[in-house]
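So this one's coords28.txt, compact mmCIF, C-alpha atoms:
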# COMPACT_ATOMS: atom_id res chain seq x y z
CA MET A 1 -100.21 -9.89 -17.65
CA THR A 2 -101.65 -7.97 -20.57
CA MET A 3 -100.13 -4.74 -21.88
CA SER A 4 -102.20 -1.60 -22.21
CA ARG A 5 -102.62 0.07 -25.57
CA SER A 6 -100.45 3.00 -24.49
CA GLY A 7 -97.82 0.61 -23.14
CA ALA A 8 -97.79 -1.33 -26.37
CA LEU A 9 -97.42 1.91 -28.30
CA LEU A 10 -94.45 3.02 -26.20
CA CYS A 11 -92.85 -0.39 -26.54
CA GLY A 12 -93.35 -0.29 -30.29
CA LEU A 13 -91.80 3.17 -30.54
CA ALA A 14 -88.82 2.04 -28.46
CA MET A 15 -88.28 -0.99 -30.67
CA TYR A 16 -88.54 1.20 -33.76
CA ALA A 17 -85.94 3.60 -32.38
CA MET A 18 -83.58 0.74 -31.54
CA SER A 19 -84.05 -0.68 -35.02
CA CYS A 20 -83.25 2.67 -36.58
CA MET A 21 -80.12 2.95 -34.47
CA ALA A 22 -78.97 -0.54 -35.47
CA GLN A 23 -79.74 -0.20 -39.15
CA GLY A 24 -78.63 3.40 -39.59
CA GLY A 25 -82.08 5.01 -39.51
CA ASP A 26 -82.90 8.61 -38.76
CA ILE A 27 -83.07 8.72 -34.94
CA ASP A 28 -79.78 9.50 -33.24
CA TYR A 29 -78.67 9.15 -29.64
CA ASN A 30 -80.30 12.43 -28.61
CA GLY A 31 -83.68 11.46 -30.01
CA LYS A 32 -83.17 13.96 -32.81
CA LYS A 33 -83.22 13.19 -36.47
CA PHE A 34 -80.01 12.70 -38.39
CA VAL A 35 -80.35 14.16 -41.87
CA PHE A 36 -78.02 12.79 -44.53
CA SER A 37 -76.48 15.54 -46.65
CA THR A 38 -74.73 14.99 -49.96
CA VAL A 39 -71.09 16.04 -49.81
CA PRO A 40 -70.73 19.38 -51.64
CA ALA A 41 -68.48 19.36 -54.68
CA GLN A 42 -65.93 21.68 -53.07
CA TYR A 43 -65.42 19.18 -50.25
CA SER A 44 -64.83 16.21 -52.54
CA PRO A 45 -61.08 15.69 -53.03
CA THR A 46 -59.66 14.81 -56.43
CA PRO A 47 -56.35 13.13 -57.29
CA SER A 48 -53.59 15.12 -58.93
CA ALA A 49 -52.55 14.65 -62.53
CA THR A 50 -49.30 13.13 -61.29
CA MET A 51 -51.16 10.52 -59.23
CA THR A 52 -53.46 9.73 -62.15
CA ALA A 53 -50.42 9.07 -64.33
CA ILE A 54 -48.91 6.79 -61.68
CA VAL A 55 -52.13 4.80 -61.46
CA ASN A 56 -52.47 4.44 -65.23
CA ALA A 57 -48.89 3.21 -65.54
CA GLY A 58 -49.42 0.77 -62.69
CA ILE A 59 -52.59 -0.62 -64.24
CA ARG A 60 -50.79 -1.34 -67.50
CA ALA A 61 -48.14 -3.38 -65.67
CA ALA A 62 -50.44 -5.19 -63.21
CA VAL A 63 -52.26 -8.52 -63.48
CA ASP A 64 -55.91 -7.98 -64.36
CA LEU A 65 -57.96 -10.03 -61.89
CA THR A 66 -60.79 -10.13 -64.44
CA THR A 67 -58.81 -12.81 -66.30
CA LEU A 68 -59.14 -15.10 -63.27
CA LEU A 69 -62.94 -14.99 -63.10
CA PRO A 70 -64.96 -18.00 -64.34
CA PRO A 71 -66.40 -18.09 -67.87
CA GLY A 72 -69.64 -16.15 -68.20
CA TYR A 73 -68.91 -14.00 -65.16
CA LYS A 74 -71.45 -11.35 -64.18
CA ARG A 75 -70.62 -7.65 -64.24
CA ASP A 76 -73.45 -6.34 -62.06
CA GLY A 77 -72.14 -7.09 -58.54
CA THR A 78 -74.65 -9.86 -57.83
CA VAL A 79 -72.29 -12.86 -57.80
CA ASP A 80 -69.70 -13.63 -55.11
CA TYR A 81 -66.23 -13.84 -56.66
CA THR A 82 -64.26 -13.57 -53.40
CA ASP A 83 -62.30 -16.80 -53.85
CA TYR A 84 -61.26 -15.93 -57.40
CA LEU A 85 -59.99 -12.51 -56.37
CA GLN A 86 -58.22 -13.94 -53.31
CA ASN A 87 -56.46 -16.46 -55.51
CA GLY A 88 -55.19 -13.60 -57.64
CA LEU A 89 -54.03 -11.62 -54.61
CA ASP A 90 -52.20 -14.66 -53.22
CA LYS A 91 -50.29 -15.34 -56.44
CA ASN A 92 -49.58 -11.78 -57.62
CA ARG A 93 -48.34 -8.64 -55.96
CA ASP A 94 -49.39 -6.04 -58.55
CA VAL A 95 -53.08 -6.43 -59.43
CA VAL A 96 -55.88 -4.42 -60.94
CA PHE A 97 -59.46 -5.14 -59.98
CA PRO A 98 -62.23 -5.71 -62.53
CA ASP A 99 -63.66 -2.56 -64.07
CA PHE A 100 -67.14 -3.33 -62.71
CA PRO A 101 -68.79 -4.07 -59.33
CA VAL A 102 -67.89 -7.37 -57.64
CA LEU A 103 -69.67 -8.93 -54.66
CA ILE A 104 -67.39 -9.88 -51.75
CA SER A 105 -68.43 -12.36 -49.06
CA SER A 106 -67.98 -11.74 -45.34
CA LYS A 107 -64.62 -13.55 -45.59
CA GLY A 108 -63.26 -10.37 -47.15
CA LEU A 109 -59.96 -10.15 -49.01
CA THR A 110 -56.52 -10.54 -47.42
CA VAL A 111 -53.73 -8.36 -48.79
CA SER A 112 -50.10 -9.56 -48.74
CA SER A 113 -46.89 -7.58 -48.19
CA ASN A 114 -45.17 -5.78 -51.07
CA ALA A 115 -48.45 -5.40 -52.92
CA ASN A 116 -49.83 -2.71 -55.22
CA LEU A 117 -53.60 -2.74 -55.68
CA TYR A 118 -55.22 -0.68 -58.44
CA PHE A 119 -58.88 0.09 -58.99
CA LYS A 120 -60.22 1.23 -62.36
CA PRO A 121 -62.98 3.89 -62.66
CA GLY A 122 -65.71 1.23 -62.66
CA SER A 123 -64.16 -1.00 -59.98
CA LYS A 124 -66.16 -1.57 -56.81
CA LEU A 125 -66.03 -4.15 -54.05
CA ILE A 126 -69.47 -4.61 -52.50
CA MET A 127 -69.86 -6.41 -49.18
CA GLN A 128 -72.46 -9.18 -49.32
CA PRO A 129 -75.14 -8.65 -46.63
CA ASN A 130 -74.46 -10.77 -43.54
CA ASN A 131 -75.32 -10.94 -39.85
CA LEU A 132 -71.77 -10.88 -38.44
CA GLU A 133 -70.52 -8.45 -35.80
CA LYS A 134 -66.96 -8.35 -37.19
CA PHE A 135 -65.73 -8.49 -40.79
CA GLU A 136 -63.49 -6.57 -43.18
CA ILE A 137 -63.67 -5.91 -46.91
CA LEU A 138 -59.89 -5.43 -47.25
CA ARG A 139 -57.65 -6.92 -44.57
CA LEU A 140 -54.09 -5.64 -44.01
CA HIS A 141 -52.84 -7.60 -41.00
CA GLY A 142 -49.15 -7.72 -40.13
CA VAL A 143 -48.09 -6.74 -43.64
CA ASN A 144 -45.66 -4.12 -44.88
CA ASN A 145 -45.03 -2.08 -48.01
CA VAL A 146 -48.57 -1.93 -49.43
CA LYS A 147 -50.06 0.69 -51.74
CA ILE A 148 -53.74 0.87 -52.63
CA TYR A 149 -54.95 3.21 -55.38
CA ASN A 150 -58.51 4.43 -55.97
CA ALA A 151 -60.22 1.80 -53.80
CA ARG A 152 -64.01 1.81 -54.11
CA LEU A 153 -65.59 -0.09 -51.23
CA ILE A 154 -69.27 -0.29 -50.32
CA GLY A 155 -70.40 -1.87 -47.06
CA ASP A 156 -73.63 -3.65 -46.22
CA ARG A 157 -75.10 -1.30 -43.60
CA ASN A 158 -78.32 -0.74 -45.56
CA ASP A 159 -78.97 -4.48 -45.86
CA HIS A 160 -77.11 -5.87 -42.87
CA GLN A 161 -78.96 -8.90 -41.54
CA GLY A 162 -78.12 -8.47 -37.85
CA THR A 163 -78.40 -5.73 -35.26
CA ALA A 164 -75.37 -6.46 -33.05
CA GLY A 165 -71.76 -5.40 -33.39
CA GLU A 166 -70.00 -2.39 -34.85
CA HIS A 167 -66.83 -3.79 -36.44
CA GLY A 168 -67.76 -4.31 -40.06
CA MET A 169 -64.79 -2.41 -41.56
CA GLY A 170 -63.97 -1.19 -45.03
CA ILE A 171 -60.18 -1.38 -44.68
CA ALA A 172 -58.70 -2.87 -41.50
CA ILE A 173 -55.01 -2.06 -40.90
CA ARG A 174 -53.65 -4.03 -37.95
CA SER A 175 -49.97 -4.12 -36.92
CA ALA A 176 -49.05 -3.18 -40.49
CA LYS A 177 -46.18 -0.98 -41.60
CA ASP A 178 -45.51 1.32 -44.56
CA VAL A 179 -49.04 1.41 -46.00
CA SER A 180 -50.28 4.16 -48.32
CA ILE A 181 -53.89 4.49 -49.44
CA TYR A 182 -54.53 6.96 -52.25
CA ASN A 183 -57.92 8.37 -53.22
CA PRO A 184 -60.12 5.81 -51.44
CA ARG A 185 -63.92 6.05 -51.64
CA ILE A 186 -65.45 4.03 -48.79
CA SER A 187 -69.11 4.16 -47.82
CA ASN A 188 -71.95 2.35 -46.04
CA CYS A 189 -69.77 0.25 -43.74
CA TRP A 190 -71.36 -1.45 -40.71
CA GLY A 191 -68.43 -0.17 -38.63
CA ASP A 192 -65.57 2.13 -39.70
CA GLY A 193 -64.47 3.16 -43.14
CA ILE A 194 -60.82 2.65 -42.13
CA TYR A 195 -59.61 1.08 -38.87
CA ILE A 196 -55.98 1.44 -37.70
CA GLY A 197 -54.89 -0.73 -34.77
CA TRP A 198 -53.09 -3.91 -33.76
CA ARG A 199 -53.46 -7.41 -35.19
CA THR A 200 -53.27 -9.69 -32.15
CA ARG A 201 -52.64 -9.36 -28.47
CA ASP A 202 -48.94 -10.19 -28.87
CA VAL A 203 -46.99 -7.84 -26.62
CA VAL A 204 -43.50 -6.43 -27.23
CA ASN A 205 -41.94 -4.31 -24.47
CA ASP A 206 -45.32 -4.13 -22.70
CA HIS A 207 -47.05 -2.73 -25.78
CA TYR A 208 -49.00 -4.09 -28.71
CA ILE A 209 -47.35 -3.93 -32.11
CA PRO A 210 -48.80 -0.72 -33.60
CA SER A 211 -49.59 0.07 -37.19
CA GLU A 212 -46.78 2.32 -38.33
CA ASN A 213 -46.10 4.71 -41.22
CA ILE A 214 -49.68 4.71 -42.47
CA ASN A 215 -50.66 7.34 -45.04
CA ILE A 216 -54.16 8.19 -46.29
CA TYR A 217 -54.49 10.77 -49.07
CA ASN A 218 -57.43 12.36 -50.90
CA GLY A 219 -60.03 10.06 -49.41
CA LEU A 220 -63.80 10.37 -49.23
CA LEU A 221 -65.43 8.30 -46.48
CA ASP A 222 -69.19 8.74 -46.46
CA TYR A 223 -72.10 7.38 -44.40
CA ASN A 224 -70.19 4.83 -42.39
CA ARG A 225 -71.89 3.64 -39.24
CA ARG A 226 -69.40 3.98 -36.36
CA ASN A 227 -66.46 6.23 -37.40
CA GLY A 228 -65.01 7.37 -40.67
CA ILE A 229 -61.47 6.60 -39.49
CA SER A 230 -60.51 5.08 -36.13
CA ILE A 231 -56.94 5.26 -34.84
CA VAL A 232 -56.60 2.84 -31.91
CA CYS A 233 -52.93 1.87 -31.97
CA GLY A 234 -50.56 3.64 -34.33
CA ARG A 235 -47.32 5.53 -34.80
CA ASN A 236 -46.49 7.92 -37.64
CA ILE A 237 -50.01 8.14 -39.04
CA ASN A 238 -50.69 10.77 -41.71
CA ILE A 239 -54.16 11.68 -43.00
CA ARG A 240 -54.16 14.43 -45.61
CA HIS A 241 -56.66 16.12 -47.92
CA THR A 242 -59.43 13.72 -46.95
CA THR A 243 -63.16 14.29 -46.37
CA ILE A 244 -65.22 12.29 -43.86
CA ALA A 245 -68.97 12.84 -43.97
CA ASN A 246 -72.34 11.64 -42.64
CA THR A 247 -70.92 9.29 -40.01
CA TYR A 248 -73.96 7.99 -38.18
CA GLY A 249 -75.45 4.86 -36.65
CA THR A 250 -73.64 3.79 -33.46
CA LEU A 251 -71.34 5.70 -31.12
CA PRO A 252 -68.91 7.44 -31.38
CA MET A 253 -70.27 8.57 -34.81
CA SER A 254 -67.25 10.83 -35.47
CA GLY A 255 -65.30 11.65 -38.59
CA ILE A 256 -61.90 10.77 -37.11
CA ASP A 257 -61.69 9.13 -33.70
CA ILE A 258 -58.27 8.80 -32.01
CA GLU A 259 -59.12 6.45 -29.15
CA PRO A 260 -56.82 3.74 -27.74
CA ASN A 261 -58.34 0.87 -25.78
CA GLU A 262 -55.74 0.39 -23.03
CA PRO A 263 -52.20 1.32 -21.85
CA LYS A 264 -50.61 -1.31 -24.10
CA ASP A 265 -51.69 0.69 -27.14
CA ILE A 266 -49.43 3.30 -28.72
CA ILE A 267 -50.60 6.67 -30.04
CA ASN A 268 -47.80 8.94 -31.24
CA ASN A 269 -46.85 11.19 -34.14
CA ILE A 270 -50.32 11.52 -35.62
CA THR A 271 -50.74 14.20 -38.31
CA ILE A 272 -54.11 15.28 -39.67
CA ASP A 273 -53.60 17.89 -42.37
CA SER A 274 -56.17 19.74 -44.51
CA VAL A 275 -58.97 17.35 -43.59
CA THR A 276 -62.66 18.22 -43.97
CA THR A 277 -65.33 16.69 -41.75
CA TYR A 278 -68.91 17.26 -42.87
CA ASN A 279 -72.29 16.58 -41.26
CA ASN A 280 -71.13 13.88 -38.85
CA ALA A 281 -73.68 13.01 -36.18
CA ARG A 282 -71.33 13.79 -33.29
CA ASP A 283 -67.78 15.12 -33.71
CA GLY A 284 -65.69 16.07 -36.67
CA ILE A 285 -62.52 15.03 -34.86
CA LEU A 286 -62.60 13.25 -31.51
CA ILE A 287 -59.56 12.56 -29.27
CA VAL A 288 -60.13 10.31 -26.26
CA LEU A 289 -56.90 9.22 -24.55
CA THR A 290 -58.53 8.16 -21.28
CA ARG A 291 -57.41 4.52 -21.44
CA LEU A 292 -53.82 5.18 -22.48
CA PRO A 293 -52.15 6.21 -19.19
CA SER A 294 -51.73 3.96 -16.17
CA ALA A 295 -50.27 4.17 -12.68
CA SER A 296 -47.08 2.36 -13.71
CA SER A 297 -46.11 3.77 -17.12
CA SER A 298 -45.40 7.15 -18.63
CA VAL A 299 -47.02 7.94 -21.98
CA ASN A 300 -45.78 10.38 -24.61
CA THR A 301 -48.30 11.35 -27.28
CA ASN A 302 -47.95 13.95 -30.03
CA ILE A 303 -50.79 14.89 -32.37
CA VAL A 304 -50.88 17.71 -34.93
CA ILE A 305 -54.15 18.81 -36.55
CA ARG A 306 -53.61 21.49 -39.16
CA ASP A 307 -56.17 23.36 -41.30
CA HIS A 308 -59.11 21.21 -40.22
CA LEU A 309 -62.49 22.33 -41.54
CA ASP A 310 -65.71 21.04 -40.03
CA ASP A 311 -69.11 21.95 -41.43
CA LYS A 312 -72.42 20.86 -39.88
CA SER A 313 -71.20 18.17 -37.48
CA TYR A 314 -72.67 18.38 -33.97
CA SER A 315 -69.26 19.59 -32.81
CA GLY A 316 -66.17 20.40 -34.81
CA PHE A 317 -63.61 19.13 -32.31
CA ARG A 318 -63.82 17.28 -29.01
CA LEU A 319 -61.28 16.35 -26.34
CA GLY A 320 -62.30 13.51 -24.06
CA SER A 321 -61.01 13.06 -20.55
CA GLY A 322 -62.14 11.50 -17.25
CA PHE A 323 -58.96 9.87 -15.96
CA ARG A 324 -58.36 7.85 -12.81
CA ASN A 325 -56.61 9.56 -9.92
CA THR A 326 -53.87 6.93 -10.01
CA ASP A 327 -52.94 7.58 -13.66
CA ARG A 328 -49.58 9.15 -14.42
CA GLU A 329 -49.71 12.48 -16.23
CA MET A 330 -49.09 12.23 -19.97
CA THR A 331 -46.33 14.09 -21.82
CA GLY A 332 -46.18 15.34 -25.39
CA GLN A 333 -48.38 17.87 -27.15
CA ILE A 334 -51.61 18.17 -29.09
CA SER A 335 -51.52 21.06 -31.58
CA VAL A 336 -54.66 22.27 -33.35
CA ILE A 337 -53.66 24.91 -35.88
CA ASN A 338 -55.99 27.07 -37.99
CA PRO A 339 -59.22 25.13 -37.38
CA VAL A 340 -62.47 26.36 -38.93
CA TRP A 341 -65.63 25.14 -37.20
CA LYS A 342 -68.83 26.00 -39.07
CA ASN A 343 -72.51 25.54 -38.33
CA ASN A 344 -71.96 23.42 -35.21
CA GLU A 345 -74.26 23.21 -32.22
CA LYS A 346 -71.09 23.15 -30.11
CA PRO A 347 -67.93 24.05 -32.05
CA PHE A 348 -65.59 22.74 -29.32
CA ARG A 349 -66.22 20.27 -26.48
CA TYR A 350 -64.04 18.90 -23.70
CA ARG A 351 -64.52 17.01 -20.44
CA SER A 352 -63.21 17.79 -16.98
CA ASN A 353 -60.02 16.50 -15.36
CA TYR A 354 -58.00 17.58 -18.35
CA GLN A 355 -54.75 17.94 -16.42
CA MET A 356 -53.75 14.33 -17.16
CA LEU A 357 -53.53 14.89 -20.94
CA PRO A 358 -50.65 16.39 -22.94
CA VAL A 359 -50.38 20.15 -23.31
CA THR A 360 -52.88 21.22 -25.95
CA GLU A 361 -52.47 24.35 -28.07
CA LEU A 362 -55.32 25.77 -30.12
CA LYS A 363 -54.09 28.38 -32.57
CA ASN A 364 -56.10 30.82 -34.68
CA ILE A 365 -59.56 29.31 -34.08
CA ARG A 366 -62.31 30.50 -36.41
CA VAL A 367 -65.97 29.85 -35.70
CA ILE A 368 -68.23 30.57 -38.67
CA GLU A 369 -71.93 30.82 -37.99
CA PRO A 370 -74.81 31.07 -40.49
CA SER A 371 -76.35 34.37 -41.47
CA ALA A 372 -79.17 35.63 -39.27
CA GLY A 373 -82.51 34.02 -40.06
CA VAL A 374 -81.00 31.04 -41.87
CA ASN A 375 -82.37 27.60 -40.99
CA THR A 376 -79.12 25.81 -40.16
CA ALA A 377 -80.70 22.38 -40.56
CA LYS A 378 -81.48 23.10 -44.20
CA SER A 379 -78.93 25.73 -45.17
CA ALA A 380 -76.67 25.01 -48.12
CA VAL A 381 -72.93 25.05 -47.70
CA GLN A 382 -72.80 28.22 -49.81
CA THR A 383 -74.19 30.04 -46.78
CA PHE A 384 -70.82 29.50 -45.12
CA SER A 385 -68.58 30.10 -48.12
CA SER A 386 -66.95 33.08 -46.42
CA GLN A 387 -64.15 32.20 -44.03
CA VAL A 388 -64.44 35.60 -42.31
CA GLN A 389 -65.38 35.21 -38.70
CA SER A 390 -68.52 37.16 -37.78
CA ALA A 391 -69.17 38.95 -34.51
CA ALA A 392 -71.16 35.91 -33.38
CA GLY A 393 -68.20 33.71 -34.25
CA GLN A 394 -65.86 35.96 -32.31
CA ASP A 395 -68.16 35.73 -29.32
CA ALA A 396 -68.14 31.93 -29.63
CA VAL A 397 -64.34 31.91 -29.48
CA LYS A 398 -64.44 34.18 -26.43
CA LYS A 399 -66.77 31.71 -24.72
CA ILE A 400 -64.38 28.86 -25.50
CA LYS A 401 -61.51 30.84 -23.99
CA ALA A 402 -63.53 31.72 -20.90
CA GLY A 403 -64.56 28.11 -20.40
CA LEU A 404 -60.92 27.02 -20.52
CA SER A 405 -59.61 29.72 -18.22
CA ARG A 406 -58.94 27.21 -15.42
CA GLU A 407 -57.39 24.56 -17.65
CA SER A 408 -53.70 25.42 -17.54
CA LYS A 409 -52.77 22.69 -20.02
CA ILE A 410 -55.07 24.03 -22.75
CA ARG A 411 -53.65 27.14 -24.39
CA ILE A 412 -55.40 29.29 -26.96
CA GLU A 413 -53.52 31.65 -29.23
CA ASP A 414 -54.99 34.05 -31.78
CA LYS A 415 -52.14 33.49 -34.22

Would you write out, as structure tokens, the structure that this file holds?
Amino acid sequence: MTMSRSGALLCGLAMYAMSCMAQGGDIDYNGKKFVFSTVPAQYSPTPSATMTAIVNAGIRAAVDLTTLLPPGYKRDGTVDYTDYLQNGLDKNRDVVFPDFPVLISSKGLTVSSNANLYFKPGSKLIMQPNNLEKFEILRLHGVNNVKIYNARLIGDRNDHQGTAGEHGMGIAIRSAKDVSIYNPRISNCWGDGIYIGWRTRDVVNDHYIPSENINIYNGLLDYNRRNGISIVCGRNINIRHTTIANTYGTLPMSGIDIEPNEPKDIINNITIDSVTTYNNARDGILIVLTRLPSASSSVNTNIVIRDHLDDKSYSGFRLGSGFRNTDREMTGQISVINPVWKNNEKPFRYRSNYQMLPVTELKNIRVIEPSAGVNTAKSAVQTFSSQVQSAAGQDAVKKIKAGLSRESKIRIEDK
């Protein structure tokens, strides 16, 4: 059977759209264009003088992995030195990466316990283009007591050789404990910038071993394909003073996504403080706990989101739901304090059947909308520099309250 010219054209357009989705093009899930926007300077976090001094002192005492590279090594990020760097990581616990870009193969680098990793201003780890569905630039599996300073990681999304999969991670933290990541800059990953979950399907007391006591400070995660940060299984997770921007490519396409896979996961004591989400294709922060409860187990989950600012994401904050009738009601609390949602198509979203989730308190919501006549698709962030809520913003908050009037477990307070 032959295809008509119009049929061939439609088929070609469909294939083009699918290709754009897979490779991070400009057509998103709604058929609209995603427009990359450079992170404004005021949203880019900087390390403190104290942290800079700590890093400089650590670099002086650490083993320079440059000394382990072969004679005549290249400094332009075109040669794979994965094995040389891995050898250094295996034999030393305090290391400093070369002060120039280095190509890393899809094997990635495995980090050991009790390690301190330092990156110099010119240090970069660049993922070599591959066609794999799953890979990790830095792998922290089952380790403890790890500190990473100033990591600069660049994924392969622009040159990825396949179209399947969504788990090409920048940093993968699985069943690890006592990990602190300071001032990371992670971009262009095929999957998430940072993934926090479990290592294997080993079960202890009917639960997977979670990642625990994980701290992320002063990060900038930009133009990653799936999520900026995913929290799938974790306890005592702290994300502070971090910016996640331009997340786009494959769902969920959110800045931070707290989303367990099944009841054996653990999500508890999550703190997100002074985080900025900017121009993400879907949500600034997304919480989907649907798969956590079950008919046989009680789940306690506590999440605090304080001083979150979203600018130009489709929605600033979203609560997912849709539970089974047999699920047991969750306990705990979700607190969202002093959020500012700016220039969103929908500042706040939630699904029905919310009664299964923990009590959720939204305090002192501010919705900031652009000035009249401003093209929001092209407006600069300076348009929203004022944090004073306009009449339109006040009306938006009223609509949120009205929409939640029947949801007894969602409470909104003005202060």

Task: Shortest interatomic distance to Thr290 of chain A - which of A:Ser274, A:Gln355, A:Asn130, A:Thr250, counting all atoms listed in the file - done: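 Closest candidate: A:Gln355.
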
Open item on the list: Could you list, as an MDAnalysis selection string, every residue within 8 Å of Gly255 of chain A, counting only C-alpha atoms and ignoring same-chain residues fewer than 6 positions away?
Closed with: chainID A and resid 227:229 244:245 247 277:278 280 283:286

Compile the contact shell of Thr271 of chain A as a compact mmCIF listing (two decimals) with C-alpha atoms, in the frame of the given file: residues with an atom at most 9 Å away, counting all atoms listed in the file, same-chain residues fewer than 2 positions apart removed.
# COMPACT_ATOMS: atom_id res chain seq x y z
CA ASN A 236 -46.49 7.92 -37.64
CA ILE A 237 -50.01 8.14 -39.04
CA ASN A 238 -50.69 10.77 -41.71
CA ILE A 239 -54.16 11.68 -43.00
CA ARG A 240 -54.16 14.43 -45.61
CA ASN A 269 -46.85 11.19 -34.14
CA ASP A 273 -53.60 17.89 -42.37
CA ASN A 302 -47.95 13.95 -30.03
CA ILE A 303 -50.79 14.89 -32.37
CA VAL A 304 -50.88 17.71 -34.93
CA ILE A 305 -54.15 18.81 -36.55
CA ARG A 306 -53.61 21.49 -39.16

Task: A:Asn150, A:Thr78, A:Lys134, A:Phe36 ranked by distance to Asn56 of chain A, top pick (using all atoms listed in the file) - done: A:Asn150

- [ ] Would you mind telling me which residue in A:Pro47, A:Pro121, A:Pro129, A:Pro98 lies nearest to Thr67 of chain A when using only C-alpha atoms?
- [x] A:Pro98

TODO: Would you list the contacts of segment 84-97 of chain A as a VMD selection string, taking every protein, DNA or RNA residue within 12 Å and counting all atoms listed in the file, but skipping same-chain residues closer than 3 positions in sequence?
DONE: chain A and resid 55 to 71 73 79 to 81 100 to 105 107 to 125 137 to 139 145 to 153

Can you write out the residues you just picked, keeping C-alpha atoms, as a short mmCIF file (atom, residue, chain, number, x, y, z; two decimals), keeping the file's coordinate frame?
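Heads up, here's the output in part.cif:
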data_model
loop_
_atom_site.label_atom_id
_atom_site.label_comp_id
_atom_site.auth_asym_id
_atom_site.auth_seq_id
_atom_site.Cartn_x
_atom_site.Cartn_y
_atom_site.Cartn_z
CA VAL A 55 -52.13 4.80 -61.46
CA ASN A 56 -52.47 4.44 -65.23
CA ALA A 57 -48.89 3.21 -65.54
CA GLY A 58 -49.42 0.77 -62.69
CA ILE A 59 -52.59 -0.62 -64.24
CA ARG A 60 -50.79 -1.34 -67.50
CA ALA A 61 -48.14 -3.38 -65.67
CA ALA A 62 -50.44 -5.19 -63.21
CA VAL A 63 -52.26 -8.52 -63.48
CA ASP A 64 -55.91 -7.98 -64.36
CA LEU A 65 -57.96 -10.03 -61.89
CA THR A 66 -60.79 -10.13 -64.44
CA THR A 67 -58.81 -12.81 -66.30
CA LEU A 68 -59.14 -15.10 -63.27
CA LEU A 69 -62.94 -14.99 -63.10
CA PRO A 70 -64.96 -18.00 -64.34
CA PRO A 71 -66.40 -18.09 -67.87
CA TYR A 73 -68.91 -14.00 -65.16
CA VAL A 79 -72.29 -12.86 -57.80
CA ASP A 80 -69.70 -13.63 -55.11
CA TYR A 81 -66.23 -13.84 -56.66
CA PHE A 100 -67.14 -3.33 -62.71
CA PRO A 101 -68.79 -4.07 -59.33
CA VAL A 102 -67.89 -7.37 -57.64
CA LEU A 103 -69.67 -8.93 -54.66
CA ILE A 104 -67.39 -9.88 -51.75
CA SER A 105 -68.43 -12.36 -49.06
CA LYS A 107 -64.62 -13.55 -45.59
CA GLY A 108 -63.26 -10.37 -47.15
CA LEU A 109 -59.96 -10.15 -49.01
CA THR A 110 -56.52 -10.54 -47.42
CA VAL A 111 -53.73 -8.36 -48.79
CA SER A 112 -50.10 -9.56 -48.74
CA SER A 113 -46.89 -7.58 -48.19
CA ASN A 114 -45.17 -5.78 -51.07
CA ALA A 115 -48.45 -5.40 -52.92
CA ASN A 116 -49.83 -2.71 -55.22
CA LEU A 117 -53.60 -2.74 -55.68
CA TYR A 118 -55.22 -0.68 -58.44
CA PHE A 119 -58.88 0.09 -58.99
CA LYS A 120 -60.22 1.23 -62.36
CA PRO A 121 -62.98 3.89 -62.66
CA GLY A 122 -65.71 1.23 -62.66
CA SER A 123 -64.16 -1.00 -59.98
CA LYS A 124 -66.16 -1.57 -56.81
CA LEU A 125 -66.03 -4.15 -54.05
CA ILE A 137 -63.67 -5.91 -46.91
CA LEU A 138 -59.89 -5.43 -47.25
CA ARG A 139 -57.65 -6.92 -44.57
CA ASN A 145 -45.03 -2.08 -48.01
CA VAL A 146 -48.57 -1.93 -49.43
CA LYS A 147 -50.06 0.69 -51.74
CA ILE A 148 -53.74 0.87 -52.63
CA TYR A 149 -54.95 3.21 -55.38
CA ASN A 150 -58.51 4.43 -55.97
CA ALA A 151 -60.22 1.80 -53.80
CA ARG A 152 -64.01 1.81 -54.11
CA LEU A 153 -65.59 -0.09 -51.23
#

TODO: Enter the distance from atom CA of Arg291 of chain A to atom CA of Arg324 of chain A, in Å, rounded to one decimal.
DONE: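 A separation of 9.3 Å between them.
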
- [ ] Dump as a PyMOL selection string all residues having an atom at most 6 Å from (-49.6, -2.2, -34.2), computed in the file's coordinates with only C-alpha atoms.
- [x] chain A and resi 174-175+197-198+208-211+233-234

Open item on the list: Let me make sure I understand: among A:Asn364, A:Thr242, A:Ser180, A:Asn215, which one has the smallest atom-to-atom distance to Pro45 of chain A if we use only C-alpha atoms?
Closed with: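 Among A:Asn364, A:Thr242, A:Ser180, A:Asn215, it is A:Thr242 that comes nearest to Pro45 of chain A.
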
TODO: Take atom CA of Asn268 of chain A and atom CA of Glu413 of chain A and report the distance between them in Å, one decimal.
DONE: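 Computing it gives 23.5 Å between the two atoms.
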
Open item on the list: Report as an NGL selection string all protein, DNA and RNA residues lying within 12 Å of Thr301 of chain A, evaluated on all atoms listed in the file, omitting residues in the same chain fewer than 4 positions from it.
Closed with: :A and (233-236 or 258 or 260 or 265-271 or 287-289 or 292-293 or 329-335 or 356-360)

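The coordinates place atom CA of Ala172 of chain A at 23.1 Å from atom CA of Asp206 of chain A.
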
Task: Residue among A:Met169, A:His241, A:Asn246, A:Ser297 lying closest to His207 of chain A, counting all atoms listed in the file - done: A:Ser297
